[in-house]
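*Asks:* The following file, run-v5.csv, comprises CSV, C-alpha atoms:
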```
chain,number,residue,atom,x,y,z
D,122,MET,CA,157.3,149.8,186.2
D,123,THR,CA,155.8,147.8,189.1
D,124,GLY,CA,157.0,144.6,187.4
D,125,VAL,CA,160.6,145.9,187.4
D,126,TRP,CA,160.5,146.5,191.2
D,127,ILE,CA,159.0,143.0,191.8
D,128,VAL,CA,161.8,141.4,189.7
D,129,LEU,CA,164.5,143.5,191.5
D,130,GLY,CA,163.0,142.6,194.9
D,131,ALA,CA,162.9,138.9,194.0
D,132,LEU,CA,166.5,139.1,192.8
D,133,VAL,CA,167.7,140.8,196.1
D,134,LEU,CA,165.9,138.2,198.2
D,135,ALA,CA,167.4,135.3,196.1
D,136,LEU,CA,170.9,136.7,196.5
D,137,ALA,CA,170.5,137.2,200.2
D,138,PHE,CA,169.2,133.7,200.7
D,139,GLY,CA,172.0,132.3,198.5
D,140,GLY,CA,174.6,134.2,200.6
D,141,TYR,CA,173.1,132.9,203.8
D,142,ARG,CA,173.1,129.3,202.6
D,143,GLN,CA,176.7,129.6,201.4
D,144,LEU,CA,177.9,130.9,204.8
D,145,GLY,CA,176.2,128.0,206.7
D,146,ASP,CA,176.8,125.1,204.3
D,147,GLY,CA,179.5,122.7,205.3
D,148,ARG,CA,179.9,124.0,208.8
D,149,ALA,CA,180.2,121.5,211.7
D,150,LYS,CA,177.7,122.3,214.4
D,151,VAL,CA,177.8,120.7,217.8
D,152,GLU,CA,174.7,118.6,218.4
D,153,ARG,CA,172.9,120.0,221.4
D,154,THR,CA,169.7,118.1,221.8
D,155,GLY,CA,168.0,117.3,225.1
D,156,ARG,CA,168.2,113.6,224.6
D,157,GLN,CA,171.3,111.8,223.4
D,158,SER,CA,170.9,110.6,219.8
D,159,HIS,CA,172.5,107.2,219.5
D,160,LEU,CA,173.2,104.9,216.6
D,161,ASP,CA,174.7,101.4,216.6
D,162,ALA,CA,176.1,99.0,214.1
D,163,ALA,CA,172.9,97.0,213.9
D,164,ARG,CA,170.8,100.0,212.9
D,165,LEU,CA,173.4,101.3,210.4
D,166,GLY,CA,174.2,97.9,208.9
D,167,ASP,CA,178.0,98.5,209.2
D,168,GLU,CA,180.6,98.6,211.9
D,169,LEU,CA,181.3,101.8,213.8
D,170,GLY,CA,184.8,103.2,214.1
D,171,GLU,CA,186.8,102.6,217.3
D,172,GLN,CA,187.2,106.4,217.8
D,173,ALA,CA,184.6,108.0,215.6
D,174,THR,CA,182.2,107.4,212.7
D,175,PHE,CA,181.0,109.7,209.9
D,176,VAL,CA,177.4,108.8,209.0
D,177,GLN,CA,176.6,110.5,205.7
D,178,PHE,CA,173.0,110.8,204.4
D,179,SER,CA,173.1,111.0,200.6
D,180,ALA,CA,170.8,110.8,197.6
D,181,VAL,CA,171.6,109.2,194.2
D,182,VAL,CA,171.2,112.5,192.3
D,183,CYS,CA,173.1,114.7,194.7
D,184,ALA,CA,176.4,116.0,193.3
D,185,PRO,CA,177.7,117.5,196.6
D,186,CYS,CA,177.1,114.1,198.1
D,187,ARG,CA,179.7,112.5,195.9
D,188,THR,CA,182.3,115.2,196.8
D,189,THR,CA,181.5,114.8,200.5
D,190,HIS,CA,181.8,111.0,200.2
D,191,ARG,CA,185.3,111.3,198.7
D,192,LEU,CA,186.4,113.7,201.4
D,193,LEU,CA,185.1,111.6,204.3
D,194,SER,CA,186.5,108.4,202.8
D,195,GLU,CA,189.9,110.0,202.5
D,196,VAL,CA,189.9,111.3,206.1
D,197,ALA,CA,188.7,107.9,207.4
D,198,ALA,CA,191.4,106.1,205.5
D,199,GLU,CA,194.1,108.4,206.8
D,200,GLU,CA,193.2,108.2,210.5
D,201,PRO,CA,193.1,104.9,212.4
D,202,GLY,CA,189.9,104.1,214.3
D,203,LEU,CA,187.6,106.1,212.0
D,204,ALA,CA,184.8,104.8,209.9
D,205,HIS,CA,182.6,106.3,207.1
D,206,ILE,CA,179.1,105.0,206.5
D,207,ASP,CA,177.1,106.3,203.6
D,208,ILE,CA,173.3,105.9,203.9
D,209,ASN,CA,170.9,106.4,201.0
D,210,ALA,CA,168.3,108.8,202.5
D,211,GLU,CA,165.6,107.6,200.2
D,212,THR,CA,165.7,104.1,201.5
D,213,ARG,CA,166.3,104.8,205.2
D,214,LEU,CA,163.4,107.2,205.9
D,215,ASP,CA,163.2,105.9,209.5
D,216,LEU,CA,166.6,107.4,210.2
D,217,VAL,CA,165.9,110.5,208.1
D,218,ASP,CA,162.9,111.2,210.3
D,219,GLU,CA,164.5,110.3,213.6
D,220,PHE,CA,167.5,112.6,213.0
D,221,GLY,CA,165.7,115.5,211.3
D,222,ILE,CA,167.6,115.2,208.0
D,223,THR,CA,166.2,117.9,205.6
D,224,ARG,CA,169.0,118.1,203.1
D,225,THR,CA,171.6,115.9,201.5
D,226,PRO,CA,174.4,115.6,202.2
D,227,THR,CA,174.1,115.7,205.9
D,228,VAL,CA,176.8,114.2,208.0
D,229,LEU,CA,176.5,113.1,211.6
D,230,LEU,CA,179.8,112.6,213.5
D,231,LEU,CA,179.4,109.9,216.1
D,232,ASP,CA,181.7,109.3,219.0
D,233,SER,CA,183.1,105.8,219.9
D,234,GLY,CA,179.8,105.0,221.7
D,235,GLY,CA,177.6,105.9,218.7
D,236,VAL,CA,176.3,109.2,220.2
D,237,VAL,CA,175.8,112.0,217.7
D,238,ARG,CA,178.2,114.8,218.6
D,239,HIS,CA,178.4,117.0,215.4
D,240,ARG,CA,176.2,117.7,212.3
D,241,ILE,CA,177.4,119.0,209.0
D,242,VAL,CA,174.7,120.1,206.5
D,243,GLY,CA,175.7,120.7,202.9
D,244,ALA,CA,178.9,120.0,201.2
D,245,ALA,CA,181.5,119.3,203.9
D,246,ARG,CA,184.6,121.4,204.2
D,247,LYS,CA,187.8,119.6,205.0
D,248,SER,CA,188.8,122.1,207.7
D,249,GLU,CA,185.4,121.8,209.4
D,250,VAL,CA,185.6,118.0,209.3
D,251,LEU,CA,189.0,117.9,210.8
D,252,GLY,CA,188.1,120.6,213.4
D,253,ALA,CA,185.1,118.6,214.5
D,254,LEU,CA,187.1,115.4,214.6
D,255,GLN,CA,189.9,117.1,216.6
D,256,GLN,CA,187.3,118.2,219.2
D,257,LEU,CA,186.0,114.6,219.4
D,258,VAL,CA,189.0,112.4,219.2
D,259,SER,CA,192.0,112.8,221.4
D,260,ARG,CA,195.2,112.2,219.4
D,261,PRO,CA,198.8,112.1,220.7
D,262,ALA,CA,200.9,115.1,219.7
D,263,ALA,CA,202.9,114.5,216.5
```
Go ahead and express the file in the form of structure tokens.
*Replies:*
Amino acid sequence: MTGVWIVLGALVLALAFGGYRQLGDGRAKVERTGRQSHLDAARLGDELGEQATFVQFSAVVCAPCRTTHRLLSEVAAEEPGLAHIDINAETRLDLVDEFGITRTPTVLLLDSGGVVRHRIVGAARKSEVLGALQQLVSRPAA
């Protein structure tokens, strides 16, 4: 009988953790660090966008990374002055360590000066991406 309670307890913990992760995944969080995290074209190996840049940390075997890549590429193609840079986390451990990347995909949204303003961990949601972008980039009214 004790084994049944252990299995039920483990199941409840797993469901609670899964629910917690699902609520937080893909949400854009404002970067509030004491020091300004900064990236430039030389360190990234690609040009930054004139208004903003999505820097995505991915892994080859990561399925949500492919979905996030498609989403960010579409958004960057639709909006002038945006760039999307995909970085293989396995080969750029210096940046992974510097920016505290613990999961893939993780997306850093940089302003025009290369300062990290938002972070999205997990599969990005289009509404969250557009909301973070709206906060960062001033666009004329349509």
*Asks:* With only C-alpha atoms as the basis for distance, which of D:Gly166, D:Glu249, D:Phe175, D:Thr225 is at the shortest distance from Val237 of chain D?
*Replies:*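 Checking each of D:Gly166, D:Glu249, D:Phe175, D:Thr225 against Val237 of chain D, counting only C-alpha atoms, the winner is D:Phe175.
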*Asks:* Identify which of the residues D:Val176, D:Leu129, D:Cys183, D:Lys247 lies closest to Val217 of chain D, counting all atoms listed in the file when measuring atom-to-atom distances.
*Replies:*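 Of the candidates, the smallest distance to Val217 of chain D is held by D:Val176.
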*Asks:* What gap, in Å, lies between atom CA of Ala184 of chain D and atom CA of Ser233 of chain D?
*Replies:* 29.3 Å
*Asks:* From the list D:Leu231, D:Leu134, D:Val182, D:Leu193, which residue is nearest Asn209 of chain D when using all atoms listed in the file?
*Replies:*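 Of D:Leu231, D:Leu134, D:Val182, D:Leu193, the one nearest Asn209 of chain D is D:Val182, counting all atoms listed in the file.
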*Asks:* Using only C-alpha atoms, which residue out of D:Leu192, D:Gly170, D:Arg164, D:His159 lies closest to Ser248 of chain D?
*Replies:*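 Closest candidate: D:Leu192.
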*Asks:* Using all atoms listed in the file, which residue out of D:Gly221, D:Val236, D:Glu211, D:Ala245 lies closest to Leu169 of chain D?
*Replies:*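 Answer, going by the shortest atom-to-atom distance: D:Val236.
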*Asks:* Which value, in Å to one decimal, gives the distance between atom CA of Thr223 of chain D and atom CA of Arg240 of chain D?
*Replies:*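 Spanning atom CA of Thr223 of chain D to atom CA of Arg240 of chain D is a straight-line distance of 12.0 Å.
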*Asks:* Around the point (187.0, 117.6, 211.9), in the coordinates given by the file, pick out the residues reaching within 12 Å, counting all atoms listed in the file, and return them as a PDB file with C-alpha atoms, in the frame of the given file.
*Replies:*
```
ATOM      1  CA  GLY D 147     179.500 122.700 205.300  1.00  0.00           C
ATOM      2  CA  ARG D 148     179.900 124.000 208.800  1.00  0.00           C
ATOM      3  CA  ALA D 149     180.200 121.500 211.700  1.00  0.00           C
ATOM      4  CA  LYS D 150     177.700 122.300 214.400  1.00  0.00           C
ATOM      5  CA  VAL D 151     177.800 120.700 217.800  1.00  0.00           C
ATOM      6  CA  ALA D 173     184.600 108.000 215.600  1.00  0.00           C
ATOM      7  CA  THR D 174     182.200 107.400 212.700  1.00  0.00           C
ATOM      8  CA  PHE D 175     181.000 109.700 209.900  1.00  0.00           C
ATOM      9  CA  LEU D 192     186.400 113.700 201.400  1.00  0.00           C
ATOM     10  CA  LEU D 193     185.100 111.600 204.300  1.00  0.00           C
ATOM     11  CA  VAL D 196     189.900 111.300 206.100  1.00  0.00           C
ATOM     12  CA  ALA D 197     188.700 107.900 207.400  1.00  0.00           C
ATOM     13  CA  GLU D 200     193.200 108.200 210.500  1.00  0.00           C
ATOM     14  CA  LEU D 203     187.600 106.100 212.000  1.00  0.00           C
ATOM     15  CA  VAL D 228     176.800 114.200 208.000  1.00  0.00           C
ATOM     16  CA  LEU D 229     176.500 113.100 211.600  1.00  0.00           C
ATOM     17  CA  LEU D 230     179.800 112.600 213.500  1.00  0.00           C
ATOM     18  CA  LEU D 231     179.400 109.900 216.100  1.00  0.00           C
ATOM     19  CA  ARG D 238     178.200 114.800 218.600  1.00  0.00           C
ATOM     20  CA  HIS D 239     178.400 117.000 215.400  1.00  0.00           C
ATOM     21  CA  ARG D 240     176.200 117.700 212.300  1.00  0.00           C
ATOM     22  CA  ILE D 241     177.400 119.000 209.000  1.00  0.00           C
ATOM     23  CA  ALA D 245     181.500 119.300 203.900  1.00  0.00           C
ATOM     24  CA  ARG D 246     184.600 121.400 204.200  1.00  0.00           C
ATOM     25  CA  LYS D 247     187.800 119.600 205.000  1.00  0.00           C
ATOM     26  CA  SER D 248     188.800 122.100 207.700  1.00  0.00           C
ATOM     27  CA  GLU D 249     185.400 121.800 209.400  1.00  0.00           C
ATOM     28  CA  VAL D 250     185.600 118.000 209.300  1.00  0.00           C
ATOM     29  CA  LEU D 251     189.000 117.900 210.800  1.00  0.00           C
ATOM     30  CA  GLY D 252     188.100 120.600 213.400  1.00  0.00           C
ATOM     31  CA  ALA D 253     185.100 118.600 214.500  1.00  0.00           C
ATOM     32  CA  LEU D 254     187.100 115.400 214.600  1.00  0.00           C
ATOM     33  CA  GLN D 255     189.900 117.100 216.600  1.00  0.00           C
ATOM     34  CA  GLN D 256     187.300 118.200 219.200  1.00  0.00           C
ATOM     35  CA  LEU D 257     186.000 114.600 219.400  1.00  0.00           C
ATOM     36  CA  VAL D 258     189.000 112.400 219.200  1.00  0.00           C
ATOM     37  CA  SER D 259     192.000 112.800 221.400  1.00  0.00           C
TER      38      SER D 259
END
```
*Asks:* Find the residue from D:Leu165, D:Thr123, D:Thr188, D:Ala244 that sits nearest to Asp215 of chain D; use all atoms listed in the file when measuring.
*Replies:*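 Ranked by minimum distance to Asp215 of chain D, first place goes to D:Leu165.
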*Asks:* Please list, as an mmCIF file with C-alpha atoms, in the frame of the given file, the residues that have an atom at most 6 Å away from (172.2, 109.9, 206.7) in the coordinates of this file, counting all atoms listed in the file.
*Replies:*
```cif
data_model
loop_
_atom_site.group_PDB
_atom_site.id
_atom_site.type_symbol
_atom_site.label_atom_id
_atom_site.label_comp_id
_atom_site.auth_asym_id
_atom_site.auth_seq_id
_atom_site.Cartn_x
_atom_site.Cartn_y
_atom_site.Cartn_z
ATOM 1 C CA VAL D 176 177.400 108.800 209.000
ATOM 2 C CA GLN D 177 176.600 110.500 205.700
ATOM 3 C CA PHE D 178 173.000 110.800 204.400
ATOM 4 C CA ILE D 208 173.300 105.900 203.900
ATOM 5 C CA ALA D 210 168.300 108.800 202.500
#
```
*Asks:* Please indicate the distance in Å from atom CA of Thr189 of chain D to atom CA of Arg224 of chain D, rounded to one decimal place.
*Replies:*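 Taking atom CA of Thr189 of chain D and atom CA of Arg224 of chain D, their separation equals 13.2 Å.
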*Asks:* Write out as a list in words which residues come within 9 Å of His190 of chain D when counting all atoms listed in the file, dropping same-chain ones fewer than 3 positions away.
*Replies:*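 In the requested format, the answer is Gln177, Ser179, Pro185, Cys186, Arg187, Leu193, Ser194, Glu195, His205, Asp207 and Pro226 of chain D.
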